[in-house]
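Engineer: Before anything else, here's the structure in question.
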Amino acid sequence: MGITLNVEKKGQWEQLLYSGPINEDTEVHLMPMIKGLGPNVIINFRKVDSVNSCGVRAWINFIREAEKGRKLIYEECTPEIVSQINMIPNFRGTAHIKSVYASFACDNCDHHCWVIYEEGRNMPASADAGVPTHKCEKCGNNMEMEEMEDEFFAWVDQAG
Ligand SMILES: [Zn+2]
């Protein structure tokens with residue numbers, strides 16, 4: 001699968017939808033488009049399917065340039081993106097995080113799903129604030145978040 005970038009105007013903001021892997025080809029795709037971006041950019045991660053270590057380096061280089069004179073927002077960060085943000089603060093840079101997906105598993109029927117947490121709706125105010133339980137759509141059991149909640153939301157306590 002290749003990388004495709006889609007930029008869409010949304011009022012004062014431009015939304016950059018990144019599809020495909022974040023890997024050694026990422027920089028070649030992203031760097032040439034920085035100059036064309038306006039001052040307010042939302043980066044949507046919903047269609048990122050994997051992240052490798054070359055990709056992390058490429059992403060950090062991109063963000064260092066992209067954040068100069070711009071407001072950046074990250075939205076729909078996948079569980080993998082959230083774990084990069086938690087491990088490597090530079091992956092986020094100065095971007096503000098608006099929504100993330102956490103993955104949940106059901107102990108009872110082995111159903112897996114993603115639950116979205118959005119700022120102003122159900123995002124916890126701090127890493128240890130806790131999140132409401134999520135009921136399995138298949139069997140009604142209480143599902144467990146696959147990561148430790150306080151580790152998954154560790155980034156909430158960092159400025160940004
Ligand atoms: Zn279940």
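Residue names in the structure tokens use chain letters A, B, ... in the order shown, residue numbers from 1 in each chain, and ligand numbers from 1 in the order shown.
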Neighbours of ligand 1 within 9 Å, counting only C-alpha atoms and all ligand atoms, as a list in words?
Structural biologist: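 Answer in the requested format: Ala105, Cys106, Asp107, Asn108, Cys109, Asp110, His111, His112, Lys135, Cys136, Glu137, Lys138, Cys139, Gly140, Asn141, Asn142 and Met143 of chain A.
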Engineer: List the spatial neighbours of Glu27 (chain A) as a list in words - criterion: any atom at most 8 Å away, only C-alpha atoms, same-chain residues fewer than 2 positions off excluded.
Structural biologist: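 Once the nearby chain positions are removed, what remains is Glu24, Asp25, His29, Leu30, Met31, Gly55, Ala58, Trp59, Asn61 and Phe62 of chain A.
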Engineer: What is the distance between CA of Val156 (chain A) and CA of Thr26 (chain A), in Å to one decimal?
Structural biologist: 26.5 Å
Engineer: For the structure I just gave you, how does DSSP split region 25-149 of chain A - specifically, which residues are helix (DSSP H, G or I)? Reply as a PyMOL selection string.
Structural biologist: chain A and resi 26-36+53-66+79-87+89-91+149
Engineer: Please list as a list of chain:residue names every residue within 10 Å of Ser103 (chain A), counting only C-alpha atoms and excluding residues in the same chain fewer than 5 positions away.
Structural biologist: A:Thr78, A:Pro79, A:Glu80, A:His112, A:Cys113, A:Trp114, A:Val115, A:Ile116, A:Met143, A:Glu144, A:Met145, A:Glu146, A:Glu147
Engineer: The selected residues should be written to file as a short mmCIF file (atom, residue, chain, number, x, y, z; two decimals), in the first residue's frame (atoms: C-alpha atoms).
Structural biologist:
data_model
loop_
_atom_site.label_atom_id
_atom_site.label_comp_id
_atom_site.auth_asym_id
_atom_site.auth_seq_id
_atom_site.Cartn_x
_atom_site.Cartn_y
_atom_site.Cartn_z
CA THR A 78 -5.04 5.57 16.10
CA PRO A 79 -3.85 3.49 19.08
CA GLU A 80 -0.47 3.11 17.35
CA HIS A 112 -12.37 -6.07 19.63
CA CYS A 113 -13.27 -2.49 18.83
CA TRP A 114 -11.98 1.07 18.85
CA VAL A 115 -13.60 3.77 20.98
CA ILE A 116 -13.05 7.43 20.12
CA MET A 143 -14.88 -4.33 27.87
CA GLU A 144 -11.31 -3.64 28.97
CA MET A 145 -9.01 -1.10 27.36
CA GLU A 146 -6.07 -3.00 25.86
CA GLU A 147 -3.54 -0.54 27.26
#
Engineer: Name all residues at most 12 Å from Arg121 (chain A) (count only C-alpha atoms; drop same-chain ones fewer than 3 positions away) and give them as number ranges by chain.
Structural biologist: A: 98-100, 116-118, 124-125, 131-132
Engineer: Could you save those same residues with N, CA and C atoms as a CSV table (one decimal), in the first residue's frame?
Structural biologist:
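Dumped to out.csv:
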chain,number,residue,atom,x,y,z
A,98,LYS,N,-6.8,16.5,19.6
A,98,LYS,CA,-8.3,16.7,19.7
A,98,LYS,C,-9.0,15.4,19.9
A,99,SER,N,-8.6,14.3,19.2
A,99,SER,CA,-9.3,13.0,19.4
A,99,SER,C,-8.4,11.9,19.2
A,100,VAL,N,-8.7,10.8,19.9
A,100,VAL,CA,-7.8,9.6,19.8
A,100,VAL,C,-8.8,8.3,19.9
A,116,ILE,N,-13.7,6.1,20.3
A,116,ILE,CA,-13.1,7.4,20.1
A,116,ILE,C,-13.3,8.3,21.4
A,117,TYR,N,-12.2,9.0,21.7
A,117,TYR,CA,-12.3,10.0,22.8
A,117,TYR,C,-12.0,11.3,22.2
A,118,GLU,N,-13.0,12.2,22.4
A,118,GLU,CA,-12.9,13.6,21.8
A,118,GLU,C,-12.9,14.6,22.9
A,124,PRO,N,-10.7,12.2,28.9
A,124,PRO,CA,-10.4,12.4,30.4
A,124,PRO,C,-9.6,13.7,30.6
A,125,ALA,N,-9.8,14.4,31.7
A,125,ALA,CA,-9.1,15.6,31.9
A,125,ALA,C,-7.6,15.4,32.4
A,131,VAL,N,-11.8,6.4,32.6
A,131,VAL,CA,-12.8,6.6,31.5
A,131,VAL,C,-14.0,5.7,31.9
A,132,PRO,N,-15.2,6.1,31.4
A,132,PRO,CA,-16.4,5.3,31.6
A,132,PRO,C,-16.2,3.9,31.0
